[in-house]
$ cat model-v6.txt   # compact mmCIF, C-alpha atoms
# COMPACT_ATOMS: atom_id res chain seq x y z
CA MET A 1 39.21 -36.13 -53.16
CA ILE A 2 41.53 -39.01 -52.30
CA ILE A 3 43.21 -39.82 -48.99
CA LYS A 4 46.28 -41.76 -50.07
CA ASN A 5 48.61 -44.27 -48.43
CA GLY A 6 47.15 -44.14 -44.91
CA LEU A 7 47.15 -47.04 -42.45
CA ILE A 8 43.41 -47.64 -42.19
CA HIS A 9 41.78 -48.79 -38.95
CA ASP A 10 38.25 -49.26 -40.27
CA ALA A 11 36.55 -50.58 -37.07
CA VAL A 12 35.43 -53.63 -39.06
CA ASN A 13 38.64 -55.57 -39.63
CA LYS A 14 40.85 -56.17 -36.61
CA GLU A 15 44.05 -55.74 -38.62
CA ALA A 16 44.88 -52.34 -40.08
CA TYR A 17 45.88 -52.07 -43.73
CA ILE A 18 47.38 -49.49 -46.10
CA SER A 19 45.04 -48.25 -48.79
CA ASP A 20 43.54 -45.17 -50.45
CA ILE A 21 40.07 -43.73 -49.84
CA ARG A 22 38.11 -41.82 -52.47
CA ILE A 23 35.45 -39.37 -51.30
CA GLU A 24 32.69 -38.03 -53.52
CA ASP A 25 29.66 -35.97 -52.49
CA GLY A 26 30.49 -36.46 -48.83
CA LYS A 27 30.53 -40.26 -49.07
CA ILE A 28 33.23 -42.93 -49.20
CA CYS A 29 32.97 -44.32 -52.72
CA ALA A 30 36.14 -46.44 -53.01
CA ILE A 31 38.75 -48.08 -50.79
CA GLU A 32 41.57 -49.44 -52.93
CA LYS A 33 45.33 -49.39 -53.20
CA GLU A 34 46.93 -46.98 -55.65
CA LEU A 35 43.83 -45.11 -56.73
CA GLU A 36 44.62 -42.81 -59.64
CA PRO A 37 43.56 -39.19 -59.10
CA LYS A 38 41.09 -37.78 -61.56
CA GLU A 39 41.75 -34.47 -63.27
CA ASN A 40 41.90 -31.68 -60.65
CA GLU A 41 41.05 -34.14 -57.86
CA GLU A 42 42.39 -33.05 -54.48
CA CYS A 43 44.72 -35.49 -52.69
CA PHE A 44 45.78 -35.73 -49.08
CA ASP A 45 48.90 -37.84 -48.55
CA ALA A 46 48.46 -39.83 -45.33
CA ALA A 47 51.66 -41.84 -45.71
CA GLY A 48 52.99 -42.69 -42.26
CA LEU A 49 49.70 -41.64 -40.64
CA ASN A 50 46.80 -43.59 -39.14
CA VAL A 51 43.31 -43.24 -40.56
CA TYR A 52 40.22 -43.88 -38.41
CA PRO A 53 36.47 -43.46 -38.77
CA GLY A 54 35.11 -40.38 -37.04
CA PHE A 55 34.62 -41.11 -33.37
CA VAL A 56 31.05 -41.51 -32.12
CA GLU A 57 29.60 -40.97 -28.66
CA ALA A 58 26.37 -42.70 -27.62
CA HIS A 59 25.66 -40.54 -24.55
CA CYS A 60 26.49 -36.90 -23.89
CA HIS A 61 24.89 -33.50 -23.35
CA LEU A 62 26.89 -31.63 -25.97
CA GLY A 63 25.14 -28.45 -27.05
CA LEU A 64 22.66 -28.56 -24.15
CA ASP A 65 24.99 -27.97 -21.20
CA GLY A 66 27.09 -25.11 -22.53
CA TRP A 67 30.55 -23.77 -21.95
CA GLY A 68 30.84 -21.42 -18.99
CA ILE A 69 27.11 -20.98 -18.35
CA GLY A 70 26.71 -22.90 -15.09
CA PHE A 71 23.64 -24.63 -13.73
CA GLU A 72 21.41 -21.59 -14.25
CA GLY A 73 21.92 -21.58 -18.02
CA ALA A 74 21.93 -25.32 -18.68
CA ASP A 75 19.14 -26.56 -20.93
CA TYR A 76 19.19 -30.30 -20.29
CA ASN A 77 16.74 -30.87 -17.38
CA GLU A 78 13.22 -29.68 -16.57
CA PRO A 79 12.98 -29.37 -12.77
CA GLY A 80 9.36 -28.22 -12.85
CA ASP A 81 7.86 -31.57 -13.90
CA VAL A 82 8.99 -35.04 -12.86
CA CYS A 83 7.83 -36.70 -16.11
CA THR A 84 8.47 -34.95 -19.45
CA PRO A 85 8.48 -37.39 -22.40
CA HIS A 86 7.17 -34.63 -24.67
CA LEU A 87 10.36 -32.55 -24.47
CA ARG A 88 12.74 -32.69 -27.43
CA ALA A 89 16.50 -32.17 -27.15
CA GLN A 90 16.50 -30.57 -30.58
CA ASP A 91 14.81 -27.50 -29.11
CA SER A 92 17.62 -26.87 -26.60
CA PHE A 93 20.66 -27.73 -28.74
CA ASN A 94 22.99 -24.78 -29.37
CA PRO A 95 25.32 -25.31 -32.36
CA GLN A 96 27.25 -22.13 -31.54
CA ASP A 97 28.47 -23.46 -28.20
CA PRO A 98 32.29 -23.74 -28.47
CA THR A 99 32.29 -27.28 -27.10
CA VAL A 100 30.71 -28.48 -30.35
CA LEU A 101 33.64 -27.26 -32.45
CA ASN A 102 36.09 -28.58 -29.84
CA ALA A 103 34.56 -32.02 -30.32
CA ALA A 104 34.86 -31.85 -34.11
CA ARG A 105 38.50 -30.74 -33.98
CA ALA A 106 39.27 -33.73 -31.72
CA GLY A 107 37.71 -36.16 -34.19
CA ILE A 108 34.39 -36.76 -32.43
CA THR A 109 32.21 -36.34 -35.49
CA SER A 110 28.83 -37.74 -34.37
CA VAL A 111 27.11 -37.80 -30.98
CA ALA A 112 23.82 -38.70 -29.38
CA THR A 113 22.91 -35.81 -27.12
CA GLY A 114 19.96 -34.83 -25.02
CA GLN A 115 18.36 -34.42 -21.63
CA GLY A 116 20.16 -35.06 -18.37
CA SER A 117 19.28 -37.48 -15.64
CA ALA A 118 17.08 -35.48 -13.27
CA ASN A 119 13.73 -36.56 -14.70
CA PRO A 120 12.60 -40.20 -14.45
CA ILE A 121 11.44 -39.61 -18.03
CA GLY A 122 13.13 -36.64 -19.66
CA GLY A 123 12.24 -36.64 -23.36
CA THR A 124 13.69 -37.57 -26.73
CA TRP A 125 17.34 -37.41 -27.83
CA ILE A 126 18.93 -36.56 -31.16
CA ALA A 127 22.00 -37.76 -33.08
CA VAL A 128 23.97 -34.94 -34.70
CA LYS A 129 27.16 -34.23 -36.59
CA THR A 130 29.47 -31.87 -34.74
CA THR A 131 29.65 -29.21 -37.44
CA GLY A 132 27.10 -26.67 -38.55
CA ASP A 133 25.26 -23.56 -37.41
CA CYS A 134 21.69 -24.92 -37.43
CA VAL A 135 20.67 -28.03 -35.54
CA ASP A 136 18.14 -29.00 -38.22
CA ASP A 137 21.00 -29.34 -40.72
CA MET A 138 23.23 -31.23 -38.27
CA ILE A 139 20.76 -33.96 -37.30
CA ILE A 140 21.51 -37.49 -38.44
CA LYS A 141 18.48 -39.00 -36.73
CA THR A 142 15.65 -37.82 -34.51
CA PRO A 143 14.43 -39.14 -32.22
CA VAL A 144 17.04 -41.74 -31.28
CA ALA A 145 15.76 -42.64 -27.82
CA MET A 146 13.51 -41.70 -24.89
CA LYS A 147 15.72 -40.65 -21.98
CA CYS A 148 14.90 -42.06 -18.53
CA ALA A 149 16.77 -42.11 -15.23
CA LEU A 150 16.95 -44.30 -12.15
CA GLY A 151 18.98 -43.87 -8.96
CA GLU A 152 20.13 -40.88 -6.98
CA ASN A 153 19.53 -37.99 -9.40
CA PRO A 154 15.71 -38.23 -9.65
CA LYS A 155 15.52 -38.90 -5.91
CA ARG A 156 17.53 -35.77 -5.14
CA VAL A 157 15.84 -33.40 -7.58
CA TYR A 158 12.23 -34.46 -6.94
CA ARG A 159 12.42 -35.47 -3.28
CA GLU A 160 9.95 -32.74 -2.35
CA LYS A 161 7.59 -33.79 -5.16
CA GLY A 162 6.86 -37.35 -4.06
CA ASN A 163 9.91 -39.07 -5.53
CA ALA A 164 12.25 -39.86 -2.65
CA ALA A 165 12.93 -43.57 -3.26
CA ARG A 166 14.14 -45.79 -6.08
CA MET A 167 10.77 -47.53 -6.21
CA SER A 168 9.06 -44.16 -6.65
CA THR A 169 11.21 -43.36 -9.67
CA ALA A 170 10.52 -46.76 -11.23
CA SER A 171 6.79 -46.24 -10.63
CA VAL A 172 6.85 -42.94 -12.56
CA ILE A 173 8.34 -44.72 -15.58
CA ARG A 174 5.90 -47.64 -15.30
CA GLY A 175 2.94 -45.33 -14.80
CA MET A 176 3.75 -43.38 -17.96
CA LEU A 177 4.17 -46.60 -19.95
CA PHE A 178 0.83 -47.98 -18.69
CA LYS A 179 -0.95 -44.71 -19.48
CA ALA A 180 0.59 -44.45 -22.95
CA LYS A 181 -0.25 -48.09 -23.70
CA GLU A 182 -3.90 -47.52 -22.85
CA TYR A 183 -3.92 -44.29 -24.87
CA LEU A 184 -2.47 -46.09 -27.90
CA GLU A 185 -5.00 -48.93 -27.63
CA LYS A 186 -7.90 -46.47 -27.54
CA LYS A 187 -6.45 -44.48 -30.42
CA GLU A 188 -6.02 -47.59 -32.59
CA ALA A 189 -9.48 -48.92 -31.69
CA ALA A 190 -11.05 -45.61 -32.77
CA GLY A 191 -9.54 -45.86 -36.23
CA ASP A 192 -10.52 -42.84 -38.33
CA ASP A 193 -13.51 -41.94 -36.16
CA ILE A 194 -12.39 -38.67 -34.61
CA PHE A 195 -15.27 -38.74 -32.11
CA LYS A 196 -14.05 -42.01 -30.62
CA LYS A 197 -10.40 -41.03 -30.33
CA PRO A 198 -9.04 -40.17 -26.87
CA ALA A 199 -8.34 -36.52 -26.12
CA PHE A 200 -4.90 -35.57 -27.34
CA ASP A 201 -2.23 -36.19 -24.68
CA PHE A 202 1.19 -34.85 -25.66
CA LYS A 203 3.04 -37.02 -23.14
CA CYS A 204 1.27 -40.23 -24.19
CA GLU A 205 1.69 -39.37 -27.86
CA SER A 206 5.43 -38.97 -27.32
CA MET A 207 5.69 -42.46 -25.79
CA ILE A 208 4.10 -44.22 -28.80
CA PRO A 209 7.44 -44.69 -30.66
CA VAL A 210 8.75 -46.50 -27.55
CA LEU A 211 5.74 -48.83 -27.39
CA LYS A 212 6.04 -49.54 -31.13
CA LYS A 213 9.76 -50.36 -30.73
CA GLN A 214 10.77 -47.52 -33.02
CA ILE A 215 13.10 -46.07 -30.39
CA PRO A 216 14.48 -47.50 -27.12
CA LEU A 217 14.21 -46.33 -23.56
CA LYS A 218 17.64 -44.89 -22.75
CA ILE A 219 17.85 -45.51 -19.00
CA HIS A 220 20.48 -43.92 -16.75
CA ALA A 221 21.54 -46.61 -14.24
CA HIS A 222 24.82 -46.59 -12.28
CA GLN A 223 24.11 -49.00 -9.44
CA ALA A 224 23.71 -52.75 -10.02
CA ASN A 225 20.14 -52.85 -8.73
CA ASP A 226 19.19 -49.93 -11.00
CA ILE A 227 20.68 -51.74 -14.01
CA LEU A 228 18.52 -54.76 -13.25
CA THR A 229 15.45 -52.57 -12.68
CA ALA A 230 15.95 -51.05 -16.15
CA ILE A 231 16.02 -54.55 -17.65
CA ARG A 232 12.95 -55.56 -15.61
CA ILE A 233 10.93 -52.59 -16.93
CA ALA A 234 11.98 -53.23 -20.54
CA LYS A 235 10.89 -56.85 -20.29
CA GLU A 236 7.58 -55.99 -18.57
CA PHE A 237 6.53 -53.68 -21.39
CA ASP A 238 8.37 -55.47 -24.22
CA VAL A 239 10.25 -52.35 -25.31
CA LEU A 240 13.74 -51.68 -26.61
CA LEU A 241 16.39 -50.55 -24.12
CA THR A 242 19.87 -49.13 -23.89
CA ILE A 243 21.49 -48.93 -20.45
CA GLU A 244 23.50 -45.81 -19.68
CA HIS A 245 26.56 -45.52 -17.38
CA VAL A 246 26.50 -49.14 -16.09
CA THR A 247 29.01 -48.16 -13.39
CA GLU A 248 28.52 -51.37 -11.38
CA GLY A 249 28.14 -53.56 -14.45
CA HIS A 250 31.30 -55.48 -13.61
CA LEU A 251 29.71 -56.55 -10.30
CA ILE A 252 26.92 -58.34 -12.19
CA ALA A 253 28.89 -59.26 -15.31
CA ASP A 254 27.57 -62.82 -15.35
CA LYS A 255 24.00 -61.48 -15.24
CA LEU A 256 24.79 -59.18 -18.16
CA ALA A 257 26.72 -61.76 -20.23
CA ASN A 258 25.54 -61.62 -23.85
CA CYS A 259 23.12 -58.88 -22.77
CA PRO A 260 20.71 -58.06 -25.63
CA TYR A 261 20.71 -54.41 -24.60
CA PRO A 262 23.57 -52.08 -25.66
CA LEU A 263 25.60 -50.72 -22.74
CA SER A 264 27.11 -47.22 -22.48
CA VAL A 265 29.92 -47.28 -19.90
CA GLY A 266 31.19 -44.12 -18.24
CA PRO A 267 32.03 -41.43 -17.41
CA SER A 268 35.04 -42.91 -15.64
CA LEU A 269 37.56 -40.06 -15.75
CA THR A 270 35.95 -38.47 -12.69
CA HIS A 271 35.88 -38.49 -8.92
CA ALA A 272 33.31 -40.79 -7.24
CA SER A 273 31.16 -37.80 -6.39
CA LYS A 274 28.15 -39.72 -5.07
CA PHE A 275 27.35 -43.02 -3.40
CA GLU A 276 26.33 -44.89 -6.54
CA LEU A 277 29.76 -44.22 -8.10
CA GLN A 278 31.80 -45.79 -5.30
CA ASN A 279 32.56 -48.93 -7.37
CA LYS A 280 33.56 -47.02 -10.50
CA SER A 281 36.38 -48.77 -12.38
CA TRP A 282 38.20 -48.55 -15.71
CA THR A 283 37.95 -52.34 -15.89
CA THR A 284 34.17 -52.25 -16.44
CA PRO A 285 34.03 -51.81 -20.25
CA GLY A 286 36.64 -54.52 -20.84
CA ILE A 287 34.96 -57.00 -18.51
CA LEU A 288 31.56 -56.47 -20.14
CA ALA A 289 32.97 -56.65 -23.68
CA SER A 290 34.68 -59.94 -22.80
CA LYS A 291 31.26 -61.25 -21.70
CA GLY A 292 29.82 -60.68 -25.16
CA CYS A 293 28.12 -57.34 -24.46
CA GLN A 294 27.93 -54.50 -26.99
CA VAL A 295 29.85 -51.78 -25.14
CA SER A 296 30.18 -48.09 -25.90
CA ILE A 297 32.56 -45.89 -23.91
CA ILE A 298 31.17 -42.44 -23.06
CA THR A 299 32.30 -39.11 -21.64
CA ASP A 300 28.81 -37.94 -20.61
CA SER A 301 30.17 -34.53 -21.61
CA PRO A 302 30.49 -32.05 -20.06
CA VAL A 303 31.22 -34.39 -17.13
CA ILE A 304 34.35 -35.24 -19.14
CA PRO A 305 35.15 -32.83 -22.00
CA GLN A 306 33.94 -34.33 -25.27
CA GLU A 307 37.39 -34.23 -26.84
CA TYR A 308 38.71 -36.76 -24.29
CA LEU A 309 36.59 -39.63 -25.62
CA PRO A 310 39.59 -41.42 -27.25
CA LEU A 311 41.61 -41.03 -24.05
CA CYS A 312 38.81 -42.74 -22.11
CA ALA A 313 39.14 -45.67 -24.51
CA GLY A 314 42.87 -45.62 -23.83
CA GLN A 315 42.31 -45.84 -20.08
CA ALA A 316 40.05 -48.85 -20.63
CA VAL A 317 42.80 -50.54 -22.66
CA LYS A 318 45.30 -49.77 -19.92
CA ALA A 319 42.91 -51.52 -17.50
CA GLY A 320 42.77 -54.64 -19.67
CA MET A 321 40.28 -54.02 -22.47
CA ASP A 322 41.15 -55.49 -25.88
CA PRO A 323 42.35 -52.55 -28.08
CA PHE A 324 40.09 -53.47 -30.99
CA GLU A 325 37.08 -53.70 -28.66
CA ALA A 326 38.03 -50.25 -27.31
CA LEU A 327 38.15 -48.84 -30.85
CA LYS A 328 34.73 -50.31 -31.60
CA ALA A 329 33.47 -48.80 -28.32
CA ILE A 330 34.04 -45.27 -29.69
CA THR A 331 33.09 -45.93 -33.33
CA ILE A 332 30.81 -48.68 -34.63
CA ASN A 333 29.24 -49.78 -31.32
CA PRO A 334 27.82 -46.37 -30.41
CA ALA A 335 26.74 -45.91 -34.02
CA LYS A 336 24.76 -49.16 -33.76
CA GLN A 337 23.38 -48.21 -30.38
CA ILE A 338 21.90 -44.91 -31.58
CA GLY A 339 20.71 -46.31 -34.89
CA ILE A 340 23.07 -44.53 -37.30
CA ALA A 341 25.50 -47.33 -38.21
CA ASP A 342 24.25 -47.25 -41.79
CA ARG A 343 25.99 -43.87 -42.10
CA VAL A 344 28.84 -43.61 -39.58
CA GLY A 345 31.05 -45.59 -37.21
CA SER A 346 33.33 -47.37 -39.68
CA ILE A 347 35.27 -46.80 -42.87
CA GLU A 348 33.19 -48.60 -45.49
CA ILE A 349 32.02 -47.83 -49.02
CA GLY A 350 28.75 -45.93 -49.00
CA LYS A 351 29.14 -44.42 -45.55
CA ASP A 352 29.57 -40.75 -44.71
CA ALA A 353 33.14 -39.56 -45.17
CA ASP A 354 33.73 -38.86 -41.47
CA ILE A 355 37.44 -39.56 -41.13
CA VAL A 356 40.15 -38.80 -38.56
CA ILE A 357 43.84 -38.81 -39.48
CA CYS A 358 46.41 -39.03 -36.66
CA ASN A 359 50.17 -39.31 -36.31
CA GLY A 360 49.73 -42.29 -33.95
CA ASP A 361 47.12 -44.10 -31.92
CA PRO A 362 44.43 -41.61 -30.81
CA ILE A 363 43.94 -43.35 -27.46
CA VAL A 364 47.49 -42.28 -26.50
CA SER A 365 47.77 -38.81 -24.99
CA ASP A 366 50.68 -37.54 -27.11
CA THR A 367 49.06 -38.41 -30.44
CA ALA A 368 48.20 -35.41 -32.60
CA ILE A 369 45.08 -35.12 -34.74
CA CYS A 370 46.35 -34.09 -38.17
CA LYS A 371 43.08 -33.80 -40.09
CA VAL A 372 39.37 -34.31 -39.51
CA PHE A 373 36.79 -34.66 -42.26
CA ILE A 374 33.03 -34.55 -41.65
CA ASP A 375 30.92 -35.44 -44.69
CA GLY A 376 34.11 -35.13 -46.71
CA LYS A 377 34.76 -31.53 -45.64
CA ALA A 378 37.88 -30.65 -43.66
CA ILE A 379 37.36 -29.14 -40.20
CA ASP A 380 39.49 -26.05 -39.59
$ encode --input "model-v6.txt" --output "structure tokens"
Amino acid sequence: MIIKNGLIHDAVNKEAYISDIRIEDGKICAIEKELEPKENEECFDAAGLNVYPGFVEAHCHLGLDGWGIGFEGADYNEPGDVCTPHLRAQDSFNPQDPTVLNAARAGITSVATGQGSANPIGGTWIAVKTTGDCVDDMIIKTPVAMKCALGENPKRVYREKGNAARMSTASVIRGMLFKAKEYLEKKEAAGDDIFKKPAFDFKCESMIPVLKKQIPLKIHAHQANDILTAIRIAKEFDVLLTIEHVTEGHLIADKLANCPYPLSVGPSLTHASKFELQNKSWTTPGILASKGCQVSIITDSPVIPQEYLPLCAGQAVKAGMDPFEALKAITINPAKQIGIADRVGSIEIGKDADIVICNGDPIVSDTAICKVFIDGKAID
């Protein structure tokens, strides 16, 4: 099919341009002006409309914290064990939850989703498309990260299990990394000799991709000191890291300038419901982006409904963020952060045909979504 005459905001070039897009086998195969339709080729006339890449979220709990089920039915934390690196988000994801379709209809076509922030180490996350009835068919990449958490949540949930202070939470993460490192060293030293290999340890085995820099630690950190603790741990063990929430990032912006670790900022469309959110500000993503940081804006859905991701970008622009940086923060930046930028996050030849067509700027509340394509297929 061809999308014709749309004003393309490709998340690569700062200036938008009018062109046509040809889609074949779910991929973008041409971006040119005045493409001639082939025989029986479907065309969608986007004249007067804006064309964007499908929006991407780097941090949410879509499909794990369902619609109308409450705390009792949520599948995103394991309160029975403080440290659970062996748990996989894929096994809790529910494609039939209505919030998944709501996200797709709003143009959020890819998300990283997984465990919540109760456990100091919670398990591995997945990246999925927001259409389908079987998670195995929806997955873009698994695993994408090992979820960890610092701050008030682990302290509150595991206070009666020996984790009542920030230093206790950090020690759980360090302890698991030390144990997994020793396990890996023994395993590698044993080679193919099964009698010399250490006894199988599911938790240690699950941490090996972190130690080998195949996936990052994805550390929940609102408060400034927690952000710096996350960085300290990543440096100590020489592992990859993404920092999640970064609520007080603007207070240490000079420390984070040109930060080598991707930053997920949000959710900001909420009440400051706990102490570590008291300095929450819409200015944070713009300040950090201006300091050379790779910023993604997040809803942390269901904290903010997934479909409001573009509006969160709009609030950041209203607070001073450069509009192009805000667009990148809900497209190419999160795609890079979760390791799927080779497929999604921008309108480029060879990428998945995840495309959103609007009658205006999607970060403005009165803009209507006219059409959403995921892998070249229109969403109802």
$ closest_residue --input "model-v6.txt" --among "A:Ile23, A:Val265, A:Cys29, A:Leu241" --to "Ile349 of chain A" --atoms "only C-alpha atoms"
A:Cys29
$ closest_residue --input "model-v6.txt" --among "A:Ser365, A:Thr169, A:Leu309, A:Ile233" --to "Lys155 of chain A" --atoms "only C-alpha atoms"
A:Thr169
$ residues_around --input "model-v6.txt" --residues "Ile126 of chain A" --least-positions-apart "6" --cutoff "12 Å" --atoms "all atoms listed in the file" --output "count of residues only"
38
$ closest_residue --input "model-v6.txt" --among "A:Pro334, A:Gly191, A:Gly73, A:Pro260" --to "Lys291 of chain A" --atoms "only C-alpha atoms"
A:Pro260
$ closest_residue --input "model-v6.txt" --among "A:Val239, A:Ile231, A:Gly249, A:Thr130" --to "Lys181 of chain A" --atoms "only C-alpha atoms"
A:Val239
$ residues_near_point --input "model-v6.txt" --point "(-5.5, -46.6, -28.5)" --cutoff "12 Å" --atoms "only C-alpha atoms" --output "ChimeraX atom specification"
/A:178-192,196-201,204-205,208,211
$ write_last_selection --input "model-v6.txt" --atoms "C-alpha atoms" --output "short mmCIF file (atom, residue, chain, number, x, y, z; two decimals), in the frame of the given file"
data_model
loop_
_atom_site.label_atom_id
_atom_site.label_comp_id
_atom_site.auth_asym_id
_atom_site.auth_seq_id
_atom_site.Cartn_x
_atom_site.Cartn_y
_atom_site.Cartn_z
CA PHE A 178 0.83 -47.98 -18.69
CA LYS A 179 -0.95 -44.71 -19.48
CA ALA A 180 0.59 -44.45 -22.95
CA LYS A 181 -0.25 -48.09 -23.70
CA GLU A 182 -3.90 -47.52 -22.85
CA TYR A 183 -3.92 -44.29 -24.87
CA LEU A 184 -2.47 -46.09 -27.90
CA GLU A 185 -5.00 -48.93 -27.63
CA LYS A 186 -7.90 -46.47 -27.54
CA LYS A 187 -6.45 -44.48 -30.42
CA GLU A 188 -6.02 -47.59 -32.59
CA ALA A 189 -9.48 -48.92 -31.69
CA ALA A 190 -11.05 -45.61 -32.77
CA GLY A 191 -9.54 -45.86 -36.23
CA ASP A 192 -10.52 -42.84 -38.33
CA LYS A 196 -14.05 -42.01 -30.62
CA LYS A 197 -10.40 -41.03 -30.33
CA PRO A 198 -9.04 -40.17 -26.87
CA ALA A 199 -8.34 -36.52 -26.12
CA PHE A 200 -4.90 -35.57 -27.34
CA ASP A 201 -2.23 -36.19 -24.68
CA CYS A 204 1.27 -40.23 -24.19
CA GLU A 205 1.69 -39.37 -27.86
CA ILE A 208 4.10 -44.22 -28.80
CA LEU A 211 5.74 -48.83 -27.39
#
$ closest_residue --input "model-v6.txt" --among "A:Ile69, A:Val172, A:Cys134, A:Ile297" --to "Asn119 of chain A" --atoms "only C-alpha atoms"
A:Val172
$ atom_distance --input "model-v6.txt" --atom1 "atom CA of Leu150 of chain A" --atom2 "atom CA of Gly123 of chain A"
14.4 Å
$ axis_aligned_box --input "model-v6.txt" --around "segment 341-360 of chain A" --padding-each-side "8 Å" --output "AutoDock Vina command-line options"
--center_x 37.2 --center_y -43.7 --center_z -41.5 --size_x 41.9 --size_y 25.8 --size_z 31.1
$ closest_residue --input "model-v6.txt" --among "A:Ser168, A:Asn279, A:Thr270, A:Thr84" --to "Lys203 of chain A" --atoms "all atoms listed in the file"
A:Thr84
$ residues_around --input "model-v6.txt" --residues "Thr284 of chain A" --least-positions-apart "4" --cutoff "9 Å" --atoms "all atoms listed in the file" --output "ChimeraX atom specification"
/A:246-251,253,265-266,280,288-289,316,319,321
$ residues_around --input "model-v6.txt" --residues "Lys336 of chain A" --least-positions-apart "3" --cutoff "12 Å" --atoms "only C-alpha atoms" --output "ChimeraX atom specification"
/A:56-58,111-112,127,144,242,261-264,294-296,328-333,339-346
$ atom_distance --input "model-v6.txt" --atom1 "atom CA of Asp238 of chain A" --atom2 "atom CA of Ile173 of chain A"
13.8 Å
$ residues_around --input "model-v6.txt" --residues "Asn153 of chain A" --least-positions-apart "5" --cutoff "9 Å" --atoms "only C-alpha atoms" --output "tab-separated table (two decimals) with C-alpha atoms, keeping the file's coordinate frame"
chain	number	residue	atom	x	y	z
A	117	SER	CA	19.28	-37.48	-15.64
A	118	ALA	CA	17.08	-35.48	-13.27
A	119	ASN	CA	13.73	-36.56	-14.70
A	120	PRO	CA	12.60	-40.20	-14.45
A	158	TYR	CA	12.23	-34.46	-6.94
$ decode --input "model-v6.txt" --residues "segment 73-114 of chain A" --atoms "C-alpha atoms" --output "mmCIF file, in the first residue's frame"
data_model
loop_
_atom_site.group_PDB
_atom_site.id
_atom_site.type_symbol
_atom_site.label_atom_id
_atom_site.label_comp_id
_atom_site.auth_asym_id
_atom_site.auth_seq_id
_atom_site.Cartn_x
_atom_site.Cartn_y
_atom_site.Cartn_z
ATOM 1 C CA GLY A 73 -5.263 -9.323 40.380
ATOM 2 C CA ALA A 74 -2.143 -7.453 39.300
ATOM 3 C CA ASP A 75 0.649 -9.626 37.950
ATOM 4 C CA TYR A 76 3.633 -7.287 38.070
ATOM 5 C CA ASN A 77 5.225 -7.833 41.525
ATOM 6 C CA GLU A 78 6.177 -10.890 43.577
ATOM 7 C CA PRO A 79 5.721 -9.958 47.253
ATOM 8 C CA GLY A 80 6.832 -13.374 48.514
ATOM 9 C CA ASP A 81 10.514 -12.990 47.595
ATOM 10 C CA VAL A 82 12.635 -9.844 47.772
ATOM 11 C CA CYS A 83 14.935 -10.891 44.905
ATOM 12 C CA THR A 84 13.431 -12.517 41.776
ATOM 13 C CA PRO A 85 15.691 -12.139 38.711
ATOM 14 C CA HIS A 86 14.374 -15.447 37.353
ATOM 15 C CA LEU A 87 10.840 -14.123 36.759
ATOM 16 C CA ARG A 88 9.872 -13.249 33.186
ATOM 17 C CA ALA A 89 7.300 -10.601 32.286
ATOM 18 C CA GLN A 90 6.289 -12.655 29.276
ATOM 19 C CA ASP A 91 4.598 -15.155 31.587
ATOM 20 C CA SER A 92 2.271 -12.521 33.094
ATOM 21 C CA PHE A 93 1.445 -10.468 29.985
ATOM 22 C CA ASN A 94 -2.239 -10.569 29.009
ATOM 23 C CA PRO A 95 -2.859 -9.520 25.374
ATOM 24 C CA GLN A 96 -6.631 -9.559 25.909
ATOM 25 C CA ASP A 97 -6.528 -6.760 28.476
ATOM 26 C CA PRO A 98 -8.429 -3.800 26.935
ATOM 27 C CA THR A 99 -5.646 -1.362 27.780
ATOM 28 C CA VAL A 100 -3.478 -2.987 25.100
ATOM 29 C CA LEU A 101 -5.961 -2.159 22.331
ATOM 30 C CA ASN A 102 -6.491 1.314 23.811
ATOM 31 C CA ALA A 103 -2.758 1.914 23.431
ATOM 32 C CA ALA A 104 -2.731 0.765 19.804
ATOM 33 C CA ARG A 105 -5.711 2.946 18.873
ATOM 34 C CA ALA A 106 -3.903 5.964 20.363
ATOM 35 C CA GLY A 107 -0.812 5.307 18.260
ATOM 36 C CA ILE A 108 1.404 3.725 20.923
ATOM 37 C CA THR A 109 2.570 0.804 18.821
ATOM 38 C CA SER A 110 5.533 -0.594 20.804
ATOM 39 C CA VAL A 111 6.252 -0.712 24.528
ATOM 40 C CA ALA A 112 8.707 -2.163 26.995
ATOM 41 C CA THR A 113 6.653 -3.698 29.770
ATOM 42 C CA GLY A 114 7.331 -5.774 32.820
#
